[in-house]
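What follows is one structure encoded as structure tokens, with my remarks underneath.
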Amino acid sequence: MTPETQVPETRKKVHVKTFGCQMNVADTERMIALMGERGMQSTENPKDADLIIINGCSVREKAVHKAVSFLGEQQILKKQKGEKGPIIALGGCVGQLDKGEVFKRAPYLDFVFGPDAIDQLPELVHKAESGNRHFVQVEFDKTLSYSTQTKVQGSKAQAFVNIMKGCDKYCTYCIVPFTRGREKSRTIREVLDDIADLVSKGVREVTLLGQNVNSFGKGNPNVHGYEPKELHSPIGKVGPRAGEENFPQLLYAIENDPRLEKLKRIRFTSSHPLDFSDELIACYAPKEKGGVSRLARHLHLPVQSGSNRMLTKMGRHHQIETYIAQMRRLKELCPDVGLSTDLIVGFPTESEEEYLETKRLLDEVRYDNIYAFMYSPRPGTRAAKLPDDVPNEVKNRRLNELLAHQLKIAASTYAERVGQTLEVLVEGVAKNQNLIKEGATGRVWTGRTSCNRVVNFIDDSNRNLLGRFLQVKITGSTSLSLSGEWVHDPLYAEQNPTDVAYTSSYSSSEVVQ
């Protein structure tokens with residue numbers, strides 16, 4: 001057989017199972033990219049994988065159980081394939097928290113690593129391939145600075161960009177400071193260079209990530225003189241000090257960087273009300289009033305409870321009256337802003353009236369979406385020392401009532417969008433194709449508006465619309481999403497000549513891949 005006719009060696013494959021927040025999703029993408037540089041190919045099927053990584057979340061007990069349960073399922077692959085079985089690793093916050101204890105329950109697990117060890121993953125895998133087993137790499141990076149580069153696989157319109165890591169807030173219920181470490185921020189200059197590289201590769205929307213992006217820049221000298229130089233809040237002095245970089249500076253720097261002209265949207269998550277500054281609210285104003293035009297009209301600001309006593313017990317250090325006042329000012333500057341939040345029900349000693357205060361908060365703020373959970377104690381936190389005295393059946397009732405109440409509010413707020421034409425970034429083909437009427441042709445696509453509302457629409461052109469920004473007229477709504485019709489807008493096409501979904505002529509040969 002000549003070299004030209006030899007069959008190439010089959011590439012090894014990696015499967016990463018992700019649980020938890022967007023930070024974990026970004027970490028997974030980094031893991032896959034790092035192993036791709038080593039020659040591994042990503043697979044959705046763990047049965048095909050030579051390396052299986054569980055990227056677990058430990059923020060809530062249920063998330064931990066899901067990760068551990070998936071780990072248990074992989075034991076079968078080890079038994080079936082013997083020595084040829086996959087290398088299995090446990091990472092993320094679960095790995096950081098559990099350390100080597102998990103080997104007692106899962107002796108078939110090869111190694112454990114924490115979030116700070118992700119960049120060492122190729123070396124850790126090589127170590128396991130060389131016969132080493134049951135080793136742990138969960139040491140925190142002790143350096144004060146934080147530097148990284150975003151890695152994405154393939155051509156994408158969206159990308160997660162880590163701008164900081166860790167959290168210094170130490171809310172009484174939260175495990176994150178123990179699994180992610182102390183706050184560290186990248187420099188604004190490095191983040192700009194990183195996003196510029198992504199934009200050159202076709203990225204048009206970035207989501208800036210951090211456990212508390214409002215603390216971004218703390219400890220980094222503002223050597224380039226970015227504005228605003230100091231942050232203010234009704235709570236008092238918050239976030240980085242005067243003379244340091246801060247988050248509004250980063251948003252304005254992205255807006256004004258000529259290399260990022262093709263970037264259309266900036267999102268961020270997550271925030272803490274304690275550091276939610278007046279200057280950040282001002283970023284939501286229209287461009288002519290000093291705002292950041294490409295900042296998505298959406299804010300996720302976790303409040304956790306509508307009761308001041310509960311907030312104090314949670315160690316949140318903000319008052320609900322201040323939070324509401326900030327939301328009112330934000331809506332005055334940006335009336336179409338979409339709001340979402342995190343909520344905990346059944347925190348130790350929570351009374352029925354305090355739960356109802358949270359329910360009334362939904363009526364006051366009128367969120368588009370909430371992420372609500374029953375309290376579960378996390379080991380090592382201060383709240384874990386409190387008596388978990390709210391019965392599970394009460395927690396469950398409160399959670400279900402809260403979610404049902406939110407659905408009614410969302411049904412009303414979403415209905416207000418019917419008749420409007422909104423810009424939608426297409427994220428893919430919708431899983432639910434029920435919008436297609438019997439006898440009709442086409443596909444249902446799904447995407448998000450600037451205010452983060454999900455929009456489903458039909459297209460029968462057989463074109464690949466993934467990653468396109470389209471104008472969609474909203475024709476229907478539910479409590480969870482909007483539906484509409486793609487509008488071909490000649491003015492939009494003229495103003496957006498690089499959007500081939502508008503500027504290219506229709507062709508039956510353009511089949512969705």
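Chain lettering (A, B, ...) mirrors the order of the structure tokens, residue numbering begins at 1 for each chain separately, and ligand numbering begins at 1 in order of display.
Proximity to A:Asp50 at 10 Å, evaluated using only C-alpha atoms and with sequence-adjacent residues fewer than 3 positions away removed, yields Arg11, Lys12, Lys13, Val14, His15, Met40, Gln41, Thr43, Pro46, Lys47, Lys84, Gly85, Pro86, Ile87 and Ile88 of chain A.
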Would you mind exporting the chosen residues as a short mmCIF file (atom, residue, chain, number, x, y, z; two decimals), in the first residue's frame, restricted to N, CA and C atoms?
```cif
data_model
loop_
_atom_site.label_atom_id
_atom_site.label_comp_id
_atom_site.auth_asym_id
_atom_site.auth_seq_id
_atom_site.Cartn_x
_atom_site.Cartn_y
_atom_site.Cartn_z
N ARG A 11 -8.83 9.32 14.67
CA ARG A 11 -8.53 10.28 15.74
C ARG A 11 -9.21 9.85 17.02
N LYS A 12 -8.54 10.07 18.14
CA LYS A 12 -9.17 9.82 19.43
C LYS A 12 -10.25 10.88 19.67
N LYS A 13 -11.21 10.51 20.53
CA LYS A 13 -12.36 11.39 20.74
C LYS A 13 -12.53 11.72 22.21
N VAL A 14 -13.07 12.93 22.46
CA VAL A 14 -13.34 13.39 23.81
C VAL A 14 -14.80 13.79 23.94
N HIS A 15 -15.40 13.38 25.04
CA HIS A 15 -16.77 13.78 25.36
C HIS A 15 -16.75 14.54 26.68
N MET A 40 -7.46 15.52 19.45
CA MET A 40 -8.70 14.84 19.79
C MET A 40 -9.90 15.51 19.15
N GLN A 41 -10.88 14.70 18.81
CA GLN A 41 -12.10 15.19 18.19
C GLN A 41 -13.25 15.10 19.19
N THR A 43 -16.96 14.50 20.61
CA THR A 43 -18.09 13.64 20.27
C THR A 43 -19.22 13.86 21.27
N PRO A 46 -20.78 9.53 24.64
CA PRO A 46 -19.70 9.04 25.51
C PRO A 46 -19.25 7.64 25.16
N LYS A 47 -20.10 6.84 24.51
CA LYS A 47 -19.72 5.48 24.14
C LYS A 47 -18.62 5.46 23.09
N LYS A 84 -9.08 -1.04 27.33
CA LYS A 84 -9.35 -0.13 26.21
C LYS A 84 -10.45 0.87 26.55
N GLY A 85 -10.93 0.81 27.79
CA GLY A 85 -11.98 1.72 28.21
C GLY A 85 -11.49 3.15 28.26
N PRO A 86 -12.41 4.10 28.30
CA PRO A 86 -12.03 5.52 28.27
C PRO A 86 -11.38 5.97 29.56
N ILE A 87 -10.53 6.99 29.45
CA ILE A 87 -10.06 7.72 30.63
C ILE A 87 -11.21 8.59 31.11
N ILE A 88 -11.48 8.57 32.40
CA ILE A 88 -12.59 9.33 32.95
C ILE A 88 -12.06 10.35 33.96
#
```
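Of all the residues in stretch 318-367 of chain A, the ones DSSP labels as alpha helix (DSSP H) from the backbone are Ile320, Glu321, Thr322, Tyr323, Ile324, Ala325, Gln326, Met327, Arg328, Arg329, Leu330, Lys331, Glu332, Leu333, Glu352, Glu353, Glu354, Tyr355, Leu356, Glu357, Thr358, Lys359, Arg360, Leu361, Leu362, Asp363, Glu364 and Val365 of chain A.
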Env of A:Thr322: 12 Å cut, atoms = only C-alpha atoms, seq-sep filter 2 positions within chain, self excluded. Answer as a PDB file with C-alpha atoms, in the first residue's frame.
```pdb
ATOM      1  CA  SER A 233     -23.998  53.650  43.953  1.00  0.00           C
ATOM      2  CA  PRO A 234     -26.792  54.470  46.415  1.00  0.00           C
ATOM      3  CA  ILE A 235     -25.253  51.747  48.589  1.00  0.00           C
ATOM      4  CA  GLY A 236     -21.978  53.676  48.835  1.00  0.00           C
ATOM      5  CA  PRO A 273     -26.483  44.265  43.342  1.00  0.00           C
ATOM      6  CA  LEU A 274     -23.876  45.477  45.825  1.00  0.00           C
ATOM      7  CA  ASP A 275     -21.567  46.542  42.973  1.00  0.00           C
ATOM      8  CA  PHE A 276     -24.268  47.599  40.509  1.00  0.00           C
ATOM      9  CA  SER A 277     -23.136  51.175  39.908  1.00  0.00           C
ATOM     10  CA  ASP A 278     -24.841  54.273  38.547  1.00  0.00           C
ATOM     11  CA  VAL A 303     -31.612  39.447  44.031  1.00  0.00           C
ATOM     12  CA  GLY A 306     -37.556  40.107  48.430  1.00  0.00           C
ATOM     13  CA  ASN A 308     -34.473  42.436  53.817  1.00  0.00           C
ATOM     14  CA  HIS A 317     -25.546  43.454  52.154  1.00  0.00           C
ATOM     15  CA  HIS A 318     -28.065  45.260  49.960  1.00  0.00           C
ATOM     16  CA  GLN A 319     -31.598  46.419  50.709  1.00  0.00           C
ATOM     17  CA  ILE A 320     -34.564  45.513  48.567  1.00  0.00           C
ATOM     18  CA  ILE A 324     -36.030  48.323  43.222  1.00  0.00           C
ATOM     19  CA  ALA A 325     -34.874  51.938  42.867  1.00  0.00           C
ATOM     20  CA  GLN A 326     -31.994  50.802  40.634  1.00  0.00           C
ATOM     21  CA  MET A 327     -34.378  48.784  38.457  1.00  0.00           C
ATOM     22  CA  ARG A 328     -36.689  51.802  38.105  1.00  0.00           C
ATOM     23  CA  ARG A 329     -33.843  54.047  37.015  1.00  0.00           C
TER      24      ARG A 329
END
```
When DSSP works through the backbone of this structure, what residues of stretch 22-187 of chain A end up as strand (DSSP E), shown as a VMD selection string?
chain A and resid 41 to 42 51 to 56 87 to 91 111 to 113 135 to 137 158 to 162 164 to 165 184 to 185
As an exercise, work out the distance from atom CA of A:Glu244 to atom CA of A:Asn220 in Å and give it to one decimal place.
5.4 Å
Measuring between only C-alpha atoms, which one of A:Leu77, A:Ala26, A:Leu399, A:Leu470 shows the shortest distance to A:Val206?
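Looking only at the distances to A:Val206, the closest residue turns out to be A:Ala26.
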Would you work out the distance separating atom CA of A:Ile54 from atom CA of A:Gly20, expressed in Å to one decimal?
11.2 Å
